[in-house]
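Peer 1: Quick one: this structure, given as structure tokens, is what I'll be asking you about.
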Amino acid sequence: MELRHLRHFLAVAEELHMGRAALRLAMAQPPLSQSIGRLEKELGVKLFERANRRLTLTRAGAAFVEEARASVLHADAALHVARAAHDGEAGEIRIGFVSAALYEHLPHLLSRLRETYPDIHPKLIEVSTNEQIAALSRSEIDIGFVHPPLGTDERLDVHGYPAEDLIAVLPDDRHTHGVTLTDLARHGLIMFPAAQGPALHARIMDTFTKAGLEVRIVQEATRALTMLSLVAAGFGAALLPRSTQRLVFQGVRYAAIADDCR
């Protein structure tokens, strides 16, 4: 059974006139009649009664209409999805991200993706920068949101966002003033592992060194929420992207850093 035969049948079923159906399909009437005859032969039933130059649907034809229409609609939808996927407008897109991307950039981009390409379905995977680079090289993800620099020889298309200032996160002491690097050193730092973001890790530690301060890393954590939990429990202070303060987390306070700590 060919799809074109179903389209021909539906046109005739809706017009109940072979000439009007042929005109609608932009084809000659004899080939249309032959197409209907082949369909009836394949099904083993008559679909139309032909009497007094009028067409009517048989019981089998009337029952066949809705199923034929559903098959054509499904085929059209499948064609649309296949073409959209070929053009990059449908299918699944695998997105790796670091937790900081959730606080500002990623939600806006996902909203725009849903509005512009509703047939594209994102699959979100939270992994570190280095894990994303490896996943990109193995084609396990399609896009990654990472902390620069990448430190890789992989040939990647990179789109940069403006660097985000860091903000201090401290146990909630009911104060509202900013803090200095000296205050943070006194608390001790809860930091992400150096391997997770070596450049940023080194820059933070170098900032304390240049200020003549020795700071202890009291605990390492790979996720921002874990770091917030440890700060709330009084383990130490943390430095996180400014957009993190959108998270309301009991037991911590966010404070601007008086020293230059980008």
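By order in the structure tokens, chains are A, B, ...; within a chain, residues start at 1; ligands start at 1, following the order shown.
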Hey, what's within 8 Å of stretch 58-60 of chain A if we count only C-alpha atoms and toss same-chain stuff fewer than 6 positions away? As a list in words, please?

Peer 2: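 Near neighbours after the sequence-gap exclusion: Val45, Lys46, Leu47, Phe48 and Glu49 of chain A.
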
Peer 1: Could you turn the residues from that selection into a file that holds N, CA and C atoms, as a JSON list (two decimals), in the first residue's frame?

Peer 2:
[["chain", "number", "residue", "atom", "x", "y", "z"],
["A", 45, "VAL", "N", -11.47, -5.15, -0.85],
["A", 45, "VAL", "CA", -12.82, -4.64, -0.60],
["A", 45, "VAL", "C", -13.10, -3.49, -1.55],
["A", 46, "LYS", "N", -14.40, -3.21, -1.77],
["A", 46, "LYS", "CA", -14.78, -2.03, -2.54],
["A", 46, "LYS", "C", -14.87, -0.85, -1.59],
["A", 47, "LEU", "N", -14.32, 0.28, -2.00],
["A", 47, "LEU", "CA", -14.33, 1.49, -1.18],
["A", 47, "LEU", "C", -15.42, 2.46, -1.60],
["A", 48, "PHE", "N", -15.83, 2.38, -2.87],
["A", 48, "PHE", "CA", -16.85, 3.30, -3.39],
["A", 48, "PHE", "C", -17.90, 2.52, -4.17],
["A", 49, "GLU", "N", -19.13, 2.99, -4.08],
["A", 49, "GLU", "CA", -20.19, 2.51, -4.94],
["A", 49, "GLU", "C", -20.31, 3.52, -6.07]]

Peer 1: Excluding A:Pro122 and residues on its chain fewer than 4 positions from it, collect all residues at most 6 Å away from it, counting only C-alpha atoms, and give them as a list in words.

Peer 2: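 In the requested format, the answer is Glu92, Ile93 and Arg94 of chain A.
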
Peer 1: Restricting the calculation to only C-alpha atoms: of A:Ile120, A:Leu16, A:Ala75, A:Ile143, which residue gets closest to A:Ala90?

Peer 2: A:Ile120

Peer 1: May I ask which of the residues A:Pro118, A:Gly212, A:Pro107, A:Gly96 is the closest one to A:Val81, counting only C-alpha atoms?

Peer 2: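 Ranking A:Pro118, A:Gly212, A:Pro107, A:Gly96 by distance to A:Val81, first place goes to A:Pro118.
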
Peer 1: At a cut-off of 10 Å, using only C-alpha atoms, what residues contact A:Leu3? Leave out same-chain residues fewer than 6 positions from it and give the result as an mmCIF file with C-alpha atoms, in the first residue's frame.

Peer 2:
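Contents of part_5.cif, as written:
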data_model
loop_
_atom_site.group_PDB
_atom_site.id
_atom_site.type_symbol
_atom_site.label_atom_id
_atom_site.label_comp_id
_atom_site.auth_asym_id
_atom_site.auth_seq_id
_atom_site.Cartn_x
_atom_site.Cartn_y
_atom_site.Cartn_z
ATOM 1 C CA PHE A 9 -8.479 7.826 -1.707
ATOM 2 C CA ALA A 68 -6.190 6.466 6.131
ATOM 3 C CA SER A 71 -1.729 7.333 8.421
ATOM 4 C CA VAL A 72 -1.236 10.303 6.097
ATOM 5 C CA ALA A 75 3.571 10.199 7.594
#

Peer 1: Once DSSP has gone over the backbone, tell me which residues of stretch 34-234 of chain A are in helix (DSSP H, G or I), as a ChimeraX atom specification.

Peer 2: /A:34-43,59-86,99-103,105-116,129-137,181-187,194-196,198-210,224-232

Peer 1: Which residues are close to stretch 11-14 of chain A, i.e. within 10 Å by only C-alpha atoms, leaving aside same-chain residues fewer than 3 positions away? Reply as a ChimeraX atom specification.

Peer 2: /A:5-8,17-25,32-33,36,47-48,55-57,61-62,64-65

Peer 1: Quick one: residues within 7 Å of A:Phe97, only C-alpha atoms counted, chain neighbours fewer than 2 positions away excluded, as an MDAnalysis selection string?

Peer 2: chainID A and resid 95 99 101 125:127 144:146

Peer 1: Would you mind listing what lies within 7 Å of A:Ala168 as a compact mmCIF listing (two decimals) with C-alpha atoms, in the first residue's frame, with only C-alpha atoms counted and same-chain residues fewer than 4 positions away left out?

Peer 2:
# COMPACT_ATOMS: atom_id res chain seq x y z
CA ALA A 238 33.59 30.33 49.77
CA LEU A 239 34.10 32.39 46.65
CA LEU A 240 31.41 31.90 44.02
CA TYR A 254 26.58 36.94 50.46
CA ALA A 255 29.01 39.83 50.70
CA ALA A 256 30.92 41.95 48.22
CA ILE A 257 34.70 41.61 48.38
